[in-house]
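Down below is the structure, laid out as structure tokens.
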Number of protein chains: 2
Amino acid sequence: MMDATSGKEDKNNKDNFRDEFKVTPWEVEGKIDYNKLIAKFGTQPITQEILDKVKRITGEIHPMLRMQYFFSHRDFDWILDKHEGGENIYLYTGRGPSGMVHMGHLMPWIFTKYLQDKFGSHLLFQLTDDEKFLYSQARSREEIKNYTHENILDIIAVGFDPKKTRIIIDTKHIHYLYPIASEIAKRITFSTAKAVFGFSNSTNVGMIGFPPIQAAPCFLPSLIEGKPTPVLIPAAIDQDPYWRMTRDVAERMGYYKPSQIHSKFLPGLGMSGKMSSSKPETALFTSDEPEVIEKKVSTAFTGGQSTIQLQRLLGGNAIGCPVFWYLRYFFDTERRSDERLLQCKSGNLLCGECKGDLAKESKSFMIEFKKRREKAKDVIANFMYDGETYEK
Amino acid sequence: MMDATSGKEDKNNKDNFRDEFKVTPWEVEGKIDYNKLIAKFGTQPITQEILDKVKRITGEIHPMLRMQYFFSHRDFDWILDKHEGGENIYLYTGRGPSGMVHMGHLMPWIFTKYLQDKFGSHLLFQLTDDEKFLYSQARSREEIKNYTHENILDIIAVGFDPKKTRIIIDTKHIHYLYPIASEIAKRITFSTAKAVFGFSNSTNVGMIGFPPIQAAPCFLPSLIEGKPTPVLIPAAIDQDPYWRMTRDVAERMGYYKPSQIHSKFLPGLGMSGKMSSSKPETALFTSDEPEVIEKKVSTAFTGGQSTIQLQRLLGGNAIGCPVFWYLRYFFDTERRSDERLLQCKSGNLLCGECKGDLAKESKSFMIEFKKRREKAKDVIANFMYDGETYEK
């Protein structure tokens, strides 16, 4: 069990946070207050000024930014300046292949594709099959290998530029990562790792040795380009401890600190918690058949009242409703979503209608996505990292 | 600073040993009592019964066994039985490439070659370039890379069978080691590693993650052969903590526990301590020119009296004399060495004579060895591990 709340900078606040929620690379629990998370992790909120800069550069503000699904960052403004100044920036994100991919996983990847399109960036996509194997005594290598393969199909199906995207599978490509990971590892003491990741005496030595492997791709672009190269990591906020550690050693090693832009979690379809592979009934997987999606949506928890009469009278609680957020983040325009919120609150909209919208949209999305997943099977090899500098 | 004395099984004895000597994979200090080391590490002495068995199998008892340079073991008798029973046994040894090779390093390798010749065994030879890089903040990767290359020439020059010997360089061949190292790592908690290796809060996470990498070649032979395969590790006793750890997890992973045969350290030419790269004036390196060898031997510490007259009167202390041991282990026959001991004790032999013998023998050994080192340059590629099963 890992506890990222034991970081030095928030020692005093620790107990305030502990009982409310926990966000670490291995566990997300409780009802998350994202503003508190910004304070706790020491990151920055995404300000209007930054959004204006994004608009100036890309000509638009992606809905996931405008709707604050990406809500926090480290040096995102700095990397925008670098891009504006004509520097080649790289994107880096990843996935721990411990299960099938669901829509909560897809969101940051879809956003990453938007960044790739807008910035013309190369992307490194890491699959931490080693970490997922090390973390659980119960998981076999075969199981992880199977998920790794399945997850790669999803990654490719998102539509990343095949000329500019390379997938790194830790166990397969360890020889590219290990030398740089060793450089990082020798600069991180057990004390530091314990404070950042909450390691204890019962943590296995593989998990203790792992963080530098996840940090390594932050510096690969500098090796590929032969000069310090800015890297932006779009990923959920639970991964932040890795980047905090990486930023601490970056400059001593002659690299830029990697920048991050942090997303929230997509709520699960249950009463609370994020969409999670460990609660499959609350998550919509890309491998789910239409009738399964239909069923999961129809039994989803909502913010509605217990009867139609009460709903008409009191209105629903859209803010606490996963169906609302799911539609807002994934399918609704912002305008449509705002309208939905009003209609729900005023009692004009019933849960069945929202569920109907979500089931319809999800099914049609998944049908299309499945086709792209099938096509991905033929091009996996093109996406594999090979240590060579690829198209500039 | 590592302290292997903190192992669980010797907690009560810990303080008795601490002040006298210290033997860990990273440090050997003080005057070593090898019998106490057997008790401390929980290994077994090599008995007459085992020597008899060796003689029955190989037709001889190697001088390094008879003279107790190899003095301790774990399951050496078991592996002899396996060999007698017709099982294919593998040898595995290694080298941390943190400096040039001296004669103290060569001894276990020469013994390993003898085992390879007698048993017809395959040999895996690991170079832990990662460990040497991780251990020292001061050492650059270039420096370690250079020593790795130089050390490989020495290894090949020892004369191992090129058809049956493969060299593993951790950083170069990490993709062969990493999957099996992860299997080991997930079975070893930080508590255990701390107890075995003396890790502390200031140890870097690379060093904590390293032991499974050194353990991995213990199980590679089973993967190569496709069945549990006995492995014998001839190495100096300071490496024992690794094997203790590996033996603890072996059977749970479906492998045999690796067997060991442990050597003493070759004394340095100074007043105390083992022959060490960190005290170059006390070590005879394979790269030393004849005049350098001559000089080092002529200024060596001996067990002789301060004047010729006293030597004639009182006799010398051969047992405390590195020149004596050097000759005994390396160049003298046992009979010649026993005679030298008597002559020294009785005052008939003067230090100049022994030094003369050692200088002459060492120089001629090195001249020959250097030629073999030169020839090794052309065949390095043949010795590299390639993950394939090689000649059976």
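In the structure tokens, chains take letters A, B, ... by order of appearance, with residues numbered from 1 within each chain and ligands from 1 in the order shown.
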With 12 Å as the cut-off and only C-alpha atoms counted, what is the closest atom pair between each nearby residue of chain A and chain B? Distances in Å to one decimal, ordered by chain and number, as CSV.
```
residue,atom,partner,partner_atom,distance
A:Asp129,CA,B:Pro179,CA,10.3
A:Asp130,CA,B:Ser182,CA,7.2
A:Glu131,CA,B:Ser182,CA,9.1
A:Lys132,CA,B:Ser182,CA,10.7
A:Phe133,CA,B:Ser182,CA,7.9
A:Leu134,CA,B:Lys186,CA,5.3
A:Tyr135,CA,B:Lys186,CA,7.5
A:Ser136,CA,B:Lys186,CA,8.2
A:Gln137,CA,B:Lys186,CA,7.2
A:Ala138,CA,B:Lys186,CA,10.7
A:Arg139,CA,B:Lys186,CA,10.9
A:Ser140,CA,B:Glu183,CA,9.6
A:Arg141,CA,B:Pro179,CA,8.8
A:Glu142,CA,B:Pro179,CA,11.8
A:Lys145,CA,B:Pro179,CA,11.7
A:Ile169,CA,B:His175,CA,11.4
A:Asp170,CA,B:His175,CA,9.5
A:Thr171,CA,B:Pro179,CA,6.6
A:Lys172,CA,B:His175,CA,6.8
A:His173,CA,B:His175,CA,7.3
A:Ile174,CA,B:His175,CA,5.8
A:His175,CA,B:His175,CA,5.8
A:Tyr176,CA,B:His175,CA,9.3
A:Leu177,CA,B:Ile174,CA,9.9
A:Tyr178,CA,B:Thr171,CA,6.9
A:Pro179,CA,B:Thr171,CA,6.6
A:Ile180,CA,B:Thr171,CA,10.4
A:Ala181,CA,B:Gly206,CA,8.4
A:Ser182,CA,B:Gly206,CA,6.3
A:Glu183,CA,B:Leu134,CA,7.6
A:Ile184,CA,B:Gly206,CA,8.3
A:Ala185,CA,B:Gly206,CA,4.7
A:Lys186,CA,B:Leu134,CA,5.3
A:Arg187,CA,B:Asn204,CA,6.6
A:Ile188,CA,B:Asn204,CA,5.3
A:Thr189,CA,B:Asn204,CA,4.0
A:Phe190,CA,B:Asn201,CA,5.0
A:Ser191,CA,B:Asn201,CA,4.9
A:Thr192,CA,B:Asn201,CA,8.4
A:Ala193,CA,B:Val205,CA,7.5
A:Lys194,CA,B:Asn201,CA,8.7
A:Ala195,CA,B:Asn201,CA,10.8
A:Phe199,CA,B:Phe190,CA,8.9
A:Ser200,CA,B:Phe190,CA,7.4
A:Asn201,CA,B:Ser191,CA,4.9
A:Ser202,CA,B:Thr189,CA,5.2
A:Thr203,CA,B:Thr189,CA,5.3
A:Asn204,CA,B:Thr189,CA,4.0
A:Val205,CA,B:Gly209,CA,5.3
A:Gly206,CA,B:Ala185,CA,4.6
A:Met207,CA,B:Lys186,CA,7.6
A:Ile208,CA,B:Val205,CA,6.1
A:Gly209,CA,B:Gly209,CA,4.4
A:Phe210,CA,B:Gly209,CA,7.8
A:Pro211,CA,B:Val205,CA,8.7
A:Pro212,CA,B:Gly206,CA,8.3
A:Ile213,CA,B:Gly206,CA,10.3
```
Pull the strand (DSSP E) assignments for region 53-187 of chain A out of DSSP run on the backbone, and list those residues as a list of chain:residue names.
A:Phe70, A:Phe71, A:Ser72, A:His73, A:Arg74, A:Tyr90, A:Leu91, A:Tyr92, A:Thr93, A:Gly94, A:Arg95, A:His122, A:Leu123, A:Leu124, A:Phe125, A:Gln126, A:Leu127, A:Thr165, A:Arg166, A:Ile167, A:Ile168, A:Ile169
Contact check, region 306-338 of chain A to region 347-353 of chain A, at most 12 Å, counting only C-alpha atoms, closest pairs as CSV:
```
residue,atom,partner,partner_atom,distance
A:Ser306,CA,A:Cys351,CA,10.3
A:Thr307,CA,A:Leu350,CA,9.8
A:Ile308,CA,A:Leu350,CA,7.3
A:Gln309,CA,A:Gly347,CA,9.2
A:Leu310,CA,A:Gly347,CA,8.4
A:Gln311,CA,A:Gly347,CA,5.4
A:Arg312,CA,A:Gly347,CA,4.2
A:Leu313,CA,A:Gly347,CA,6.3
A:Leu314,CA,A:Gly347,CA,6.3
A:Gly315,CA,A:Gly347,CA,3.8
A:Gly316,CA,A:Gly347,CA,6.4
A:Asn317,CA,A:Gly347,CA,9.8
A:Ala318,CA,A:Cys351,CA,9.8
A:Cys321,CA,A:Cys351,CA,9.7
A:Pro322,CA,A:Cys351,CA,11.2
A:Val323,CA,A:Cys351,CA,8.7
A:Phe324,CA,A:Cys351,CA,9.4
A:Leu327,CA,A:Glu353,CA,11.8
```
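With CA of Met253 (chain A) on one side and CA of Glu225 (chain A) on the other, the separation reads 15.8 Å.
Nearest to Lys279 (chain A) of all the residues A:Ala215, A:Val23, A:Ile38, A:Met100 is A:Met100, based on only C-alpha atoms.
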What's around Lys296 (chain A) at 9 Å? Count only C-alpha atoms, leave out sequence neighbours fewer than 6 positions away in its own chain, and write the answer as a PyMOL selection string.
chain A and resi 269+281-284+359
Do a neighbour search on region 44-47 of chain A at 7 Å with only C-alpha atoms, toss out local chain neighbours closer than 3 positions, and write the hits as a list of chain:residue names.
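Non-adjacent residues within range: A:Ile38, A:Ile50, A:Leu51, A:Phe71, A:Ser72, A:His73, A:Arg74.
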Residues near Thr43 (chain B), anyone? I mean within 10 Å using only C-alpha atoms, not counting same-chain ones fewer than 6 positions away, as a ChimeraX atom specification.
/B:35,37,72-75,237,240,244,260-262
Give the answer as one residue: which of B:Ser222, B:Asn151, B:Thr286, B:Thr333 has the shortest atom-to-atom distance to Tyr256 (chain B), using only C-alpha atoms?
B:Ser222
I need the residue nearest Arg328 (chain B) from this list: B:Tyr242, B:Phe160, B:Tyr69, B:Trp26. Use only C-alpha atoms for the distance.
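Using only C-alpha atoms, the shortest distance to Arg328 (chain B) belongs to B:Tyr69.
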Which of region 56-277 of chain B DSSP labels alpha helix (DSSP H), written as a ChimeraX atom specification
/B:56-58,63-66,76-84,103-119,129-135,141-157,170-185,190-197,205-209,211-215,220-225,240-250
